[in-house]
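Right, one structure below, let's go through it.
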Amino acid sequence: MKRLLVVIALCCYAITPVIPSPSRPHNSTTYPHPVTVVPNMVVLELGELIKTKQITSEELTRIFLRRLKRYNHVLEAVVSYTEELAYKQAKHADELLARGVYLGPLHGIPYGLKDIISVPHYKTTWGSKTFKDQVIDIEAWVYKRSKAAGAVLVAKLVAGSLAYDDIWYGGRTRNPWNIEEFATGSSAGPAACTSAGMVPFAIGSETAGSITYPAARCGVTALRPTFGTVGRTGVMSISESLDKLGPFCRSATDCTVILDTIRGRDPGDLSSRDSPLMIHSWLTSPNLLLDILVMPRWRL
């Protein structure tokens, strides 16, 4: 068999009593006022609002920054806000669209990065008190790819101390479904913030369970790619032969879009390679429960 079908996951929407997400119309293409529906929308829905100019990237960025600041004291999931950078990137996305330049489904979409992924001029703390003031002026590969796709970075999200579990120097990241419990795994910030609708998507990492565990605990869809699918330049290393980067989203389709954006050969990471990704178009109907990712068998 030349190809192996892999079921990514069911679409999941996290609505909690502590971090409320407003209800959204089922199978509706007419949206109410964006502020009331945005936290529950998936990336492709938000992208359609931007593309059709029903909302600007600056407006969208403002909504998610407010939500991050409003609920972070409950979840302890944000290390730092990249507010100045976010508004600069959002403004640029809006200006491009005004000139008729559309970069794709991530154009103007806010997101967060796990805080082991470096971004120039912002702290990359690795979740550790020892490195809480560390600034690494390197553009990580996944940040470069996301920026080139028009995505807007709004926050650096919690990584457990030295990428281990959900405890970091600022506290312990809680589970949006039940704040008496915790997010589990070192990608706790990306999982909790995506689940609570504080970001439309986030990028985390895994050596042994740090994507899959918090995604399962927080009720979001995530994808841990095969080793080498996503370049790791500018990312804290735990195991050179096991570290992987992948997306946290609110739907399986979104995971595929993010993976397609960040995958590929990274000149700074010799283990990375170009990995073809194909989607069965007949399975992308919103009425179907599953999205299928197809990759060559040798890459799985």
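Identifiers in the structure tokens: chain A, B, ... in order shown; residue index from 1 per chain; ligand index from 1 in order shown.
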- Message: Set the distance at 9 Å and use only C-alpha atoms: which residues neighbour Ser80 of chain A once local chain neighbours fewer than 3 positions away are removed? I'd like the list as a ChimeraX atom specification.
- Response: /A:83,115,122-123,154-158
Using only N, CA and C atoms, please write the residues we just selected to a file, as a tab-separated table (two decimals), in the first residue's frame.
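Written out: part.tsv:
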```tsv
chain	number	residue	atom	x	y	z
A	83	GLU	N	2.16	42.37	22.00
A	83	GLU	CA	1.13	43.29	21.53
A	83	GLU	C	1.61	44.25	20.45
A	115	ASP	N	6.47	28.88	24.51
A	115	ASP	CA	7.60	29.74	24.86
A	115	ASP	C	8.95	29.02	24.92
A	122	TYR	N	11.72	39.45	22.05
A	122	TYR	CA	10.79	38.99	23.08
A	122	TYR	C	11.41	37.84	23.87
A	123	LYS	N	11.05	37.76	25.12
A	123	LYS	CA	11.61	36.72	25.98
A	123	LYS	C	11.23	35.32	25.49
A	154	VAL	N	0.27	36.97	18.76
A	154	VAL	CA	-0.26	37.80	19.85
A	154	VAL	C	0.34	37.47	21.21
A	155	ALA	N	0.94	36.28	21.38
A	155	ALA	CA	1.45	35.93	22.70
A	155	ALA	C	2.42	34.76	22.64
A	156	LYS	N	3.35	34.73	23.61
A	156	LYS	CA	4.17	33.56	23.88
A	156	LYS	C	3.47	32.82	25.02
A	157	LEU	N	3.19	31.55	24.80
A	157	LEU	CA	2.35	30.77	25.71
A	157	LEU	C	3.19	29.81	26.55
A	158	VAL	N	2.65	29.45	27.68
A	158	VAL	CA	3.39	28.70	28.69
A	158	VAL	C	3.95	27.39	28.16
```
- Item | Contacts of segment 49-51 of chain A at 12 Å (only C-alpha atoms; same-chain gap of 3+ positions) as a VMD selection string | chain A and resid 29 to 34 37 to 38 41 to 46 54 to 61 90 93 to 98 100 to 110 150 to 151
Take the residues from that selection and put them in a file with C-alpha atoms, as a PDB file, in the first residue's frame.
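Final output, part.pdb:
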```
ATOM      1  CA  THR A  29     -22.802  31.246   6.864  1.00  0.00           C
ATOM      2  CA  THR A  30     -24.353  34.426   8.264  1.00  0.00           C
ATOM      3  CA  TYR A  31     -22.468  35.441  11.372  1.00  0.00           C
ATOM      4  CA  PRO A  32     -23.690  37.708  14.163  1.00  0.00           C
ATOM      5  CA  HIS A  33     -21.504  40.583  15.350  1.00  0.00           C
ATOM      6  CA  PRO A  34     -17.908  39.303  15.304  1.00  0.00           C
ATOM      7  CA  VAL A  37     -18.880  34.785  17.877  1.00  0.00           C
ATOM      8  CA  VAL A  38     -15.133  35.072  17.229  1.00  0.00           C
ATOM      9  CA  MET A  41     -14.821  30.176  15.295  1.00  0.00           C
ATOM     10  CA  VAL A  42     -12.215  28.030  13.603  1.00  0.00           C
ATOM     11  CA  VAL A  43      -9.339  29.435  11.571  1.00  0.00           C
ATOM     12  CA  LEU A  44     -10.985  28.913   8.182  1.00  0.00           C
ATOM     13  CA  GLU A  45     -14.130  30.754   9.326  1.00  0.00           C
ATOM     14  CA  LEU A  46     -12.104  33.668  10.658  1.00  0.00           C
ATOM     15  CA  GLN A  54     -16.281  41.614   7.273  1.00  0.00           C
ATOM     16  CA  ILE A  55     -13.605  42.182   9.907  1.00  0.00           C
ATOM     17  CA  THR A  56     -10.043  43.487   9.824  1.00  0.00           C
ATOM     18  CA  SER A  57      -6.991  41.759  11.208  1.00  0.00           C
ATOM     19  CA  GLU A  58      -6.493  44.651  13.647  1.00  0.00           C
ATOM     20  CA  GLU A  59     -10.025  44.178  14.987  1.00  0.00           C
ATOM     21  CA  LEU A  60      -9.497  40.441  15.287  1.00  0.00           C
ATOM     22  CA  THR A  61      -6.170  40.942  17.035  1.00  0.00           C
ATOM     23  CA  ALA A  90      -2.107  42.989  11.728  1.00  0.00           C
ATOM     24  CA  ALA A  93      -2.014  42.219   6.764  1.00  0.00           C
ATOM     25  CA  ASP A  94      -4.845  44.743   6.365  1.00  0.00           C
ATOM     26  CA  GLU A  95      -2.746  46.944   4.093  1.00  0.00           C
ATOM     27  CA  LEU A  96      -1.876  43.981   1.864  1.00  0.00           C
ATOM     28  CA  LEU A  97      -5.530  43.000   1.575  1.00  0.00           C
ATOM     29  CA  ALA A  98      -6.470  46.581   0.705  1.00  0.00           C
ATOM     30  CA  GLY A 100      -5.568  43.077  -3.343  1.00  0.00           C
ATOM     31  CA  VAL A 101      -2.844  40.826  -1.955  1.00  0.00           C
ATOM     32  CA  TYR A 102      -4.199  37.805  -0.077  1.00  0.00           C
ATOM     33  CA  LEU A 103      -1.643  35.415   1.438  1.00  0.00           C
ATOM     34  CA  GLY A 104      -3.962  32.513   2.171  1.00  0.00           C
ATOM     35  CA  PRO A 105      -6.095  31.121   5.002  1.00  0.00           C
ATOM     36  CA  LEU A 106      -3.799  32.410   7.771  1.00  0.00           C
ATOM     37  CA  HIS A 107      -3.787  35.979   6.438  1.00  0.00           C
ATOM     38  CA  GLY A 108      -4.332  38.240   9.462  1.00  0.00           C
ATOM     39  CA  ILE A 109      -5.161  35.386  11.872  1.00  0.00           C
ATOM     40  CA  PRO A 110      -3.871  35.772  15.483  1.00  0.00           C
ATOM     41  CA  GLY A 150       0.299  36.410   7.177  1.00  0.00           C
ATOM     42  CA  ALA A 151      -0.428  35.083  10.676  1.00  0.00           C
TER      43      ALA A 151
END
```
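Our summary of the geometry notes that atom CA of Glu84 of chain A is positioned 21.3 Å from atom CA of Thr194 of chain A.
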- Message: Using Å and a single decimal, report how far atom CA of Tyr164 of chain A sits from atom CA of Gly185 of chain A.
- Response: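 Spanning atom CA of Gly185 of chain A to atom CA of Tyr164 of chain A is a straight-line distance of 6.6 Å.
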- Neighbour list for Ser195 of chain A as a PyMOL selection string, cut-off 7 Å, only C-alpha atoms, skip fewer than 6 positions in-chain: chain A and resi 14+176+218-220
- Distance of atom CA of Ala192 of chain A from atom CA of Thr253 of chain A, expressed in Å to one decimal place: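 Spanning atom CA of Thr253 of chain A to atom CA of Ala192 of chain A is a straight-line distance of 19.3 Å.
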- Query: Residues of segment 158-226 of chain A in helix (DSSP H, G or I) according to DSSP, as an MDAnalysis selection string?
  - Reply: chainID A and resid 161:163 188:195 212:218
What would the file look like if the residues just selected were written as a PDB file, in the first residue's frame with C-alpha atoms?
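Writing done, so here's part05.pdb:
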```
ATOM      1  CA  SER A 161       9.834  24.397  33.009  1.00  0.00           C
ATOM      2  CA  LEU A 162      12.504  23.236  30.557  1.00  0.00           C
ATOM      3  CA  ALA A 163       9.663  21.706  28.516  1.00  0.00           C
ATOM      4  CA  ALA A 188       0.078  23.460  28.440  1.00  0.00           C
ATOM      5  CA  GLY A 189      -0.210  27.089  27.303  1.00  0.00           C
ATOM      6  CA  PRO A 190      -1.040  26.350  23.648  1.00  0.00           C
ATOM      7  CA  ALA A 191      -3.606  23.714  24.656  1.00  0.00           C
ATOM      8  CA  ALA A 192      -5.341  25.793  27.336  1.00  0.00           C
ATOM      9  CA  CYS A 193      -5.463  29.012  25.295  1.00  0.00           C
ATOM     10  CA  THR A 194      -6.821  27.267  22.200  1.00  0.00           C
ATOM     11  CA  SER A 195      -9.419  25.415  24.264  1.00  0.00           C
ATOM     12  CA  THR A 212      -1.052  14.721  22.676  1.00  0.00           C
ATOM     13  CA  TYR A 213      -1.531  14.820  26.470  1.00  0.00           C
ATOM     14  CA  PRO A 214      -2.551  18.484  26.897  1.00  0.00           C
ATOM     15  CA  ALA A 215      -4.713  18.329  23.755  1.00  0.00           C
ATOM     16  CA  ALA A 216      -6.609  15.373  25.183  1.00  0.00           C
ATOM     17  CA  ARG A 217      -6.925  16.977  28.618  1.00  0.00           C
ATOM     18  CA  CYS A 218      -8.083  20.347  27.300  1.00  0.00           C
TER      19      CYS A 218
END
```
- Task: Check the smallest atom-to-atom distance from each of A:Gly204, A:Gly209, A:Gly47, A:Gly231 to Gly264 of chain A using only C-alpha atoms, then report the winner.
- Result: A:Gly231
For the contact check between segment 223-281 of chain A and segment 127-138 of chain A, emit one row per residue of segment 223-281 of chain A within 10 Å, containing the shortest atom pair and the distance in Å rounded to one decimal, counting only C-alpha atoms, chain then rising number order, as a tab-separated table.
```
residue	atom	partner	partner_atom	distance
A:Thr233	CA	A:Ile138	CA	8.6
A:Gly234	CA	A:Ile138	CA	6.0
A:Val235	CA	A:Ile138	CA	9.4
```
- Query: Counting only C-alpha atoms, what is within 6 Å of Ser186 of chain A, bar same-chain residues fewer than 4 positions away, as an MDAnalysis selection string?
  - Reply: chainID A and resid 159:160 163:166 210
- Query: When DSSP works through the backbone of this structure, what residues of segment 39-96 of chain A end up as strand (DSSP E or B), shown as a list of chain:residue names?
  - Reply: A:Val78, A:Val79, A:Ser80, A:Tyr81
Mind dumping the selected residues with all heavy atoms as an mmCIF file, in the first residue's frame?
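Written out: result-v2.cif:
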```cif
data_model
loop_
_atom_site.group_PDB
_atom_site.id
_atom_site.type_symbol
_atom_site.label_atom_id
_atom_site.label_comp_id
_atom_site.auth_asym_id
_atom_site.auth_seq_id
_atom_site.Cartn_x
_atom_site.Cartn_y
_atom_site.Cartn_z
ATOM 1 N N VAL A 78 -0.227 32.317 29.804
ATOM 2 C CA VAL A 78 0.519 33.252 28.945
ATOM 3 C C VAL A 78 1.787 33.702 29.652
ATOM 4 O O VAL A 78 1.748 34.107 30.817
ATOM 5 C CB VAL A 78 -0.346 34.479 28.588
ATOM 6 C CG1 VAL A 78 0.446 35.447 27.706
ATOM 7 C CG2 VAL A 78 -1.636 34.056 27.895
ATOM 8 N N VAL A 79 2.899 33.632 28.943
ATOM 9 C CA VAL A 79 4.168 34.130 29.488
ATOM 10 C C VAL A 79 4.343 35.606 29.157
ATOM 11 O O VAL A 79 4.675 36.413 30.011
ATOM 12 C CB VAL A 79 5.360 33.324 28.930
ATOM 13 C CG1 VAL A 79 6.682 33.908 29.426
ATOM 14 C CG2 VAL A 79 5.239 31.862 29.334
ATOM 15 N N SER A 80 4.107 35.981 27.905
ATOM 16 C CA SER A 80 4.254 37.377 27.509
ATOM 17 C C SER A 80 3.346 37.681 26.324
ATOM 18 O O SER A 80 3.081 36.813 25.487
ATOM 19 C CB SER A 80 5.710 37.705 27.165
ATOM 20 O OG SER A 80 6.191 36.852 26.144
ATOM 21 N N TYR A 81 2.883 38.925 26.283
ATOM 22 C CA TYR A 81 2.058 39.405 25.178
ATOM 23 C C TYR A 81 2.967 40.096 24.168
ATOM 24 O O TYR A 81 3.808 40.923 24.549
ATOM 25 C CB TYR A 81 0.995 40.381 25.676
ATOM 26 C CG TYR A 81 0.072 39.781 26.715
ATOM 27 C CD1 TYR A 81 0.282 40.023 28.073
ATOM 28 C CD2 TYR A 81 -0.989 38.971 26.349
ATOM 29 C CE1 TYR A 81 -0.540 39.468 29.033
ATOM 30 C CE2 TYR A 81 -1.826 38.415 27.302
ATOM 31 C CZ TYR A 81 -1.598 38.662 28.648
ATOM 32 O OH TYR A 81 -2.413 38.099 29.590
#
```
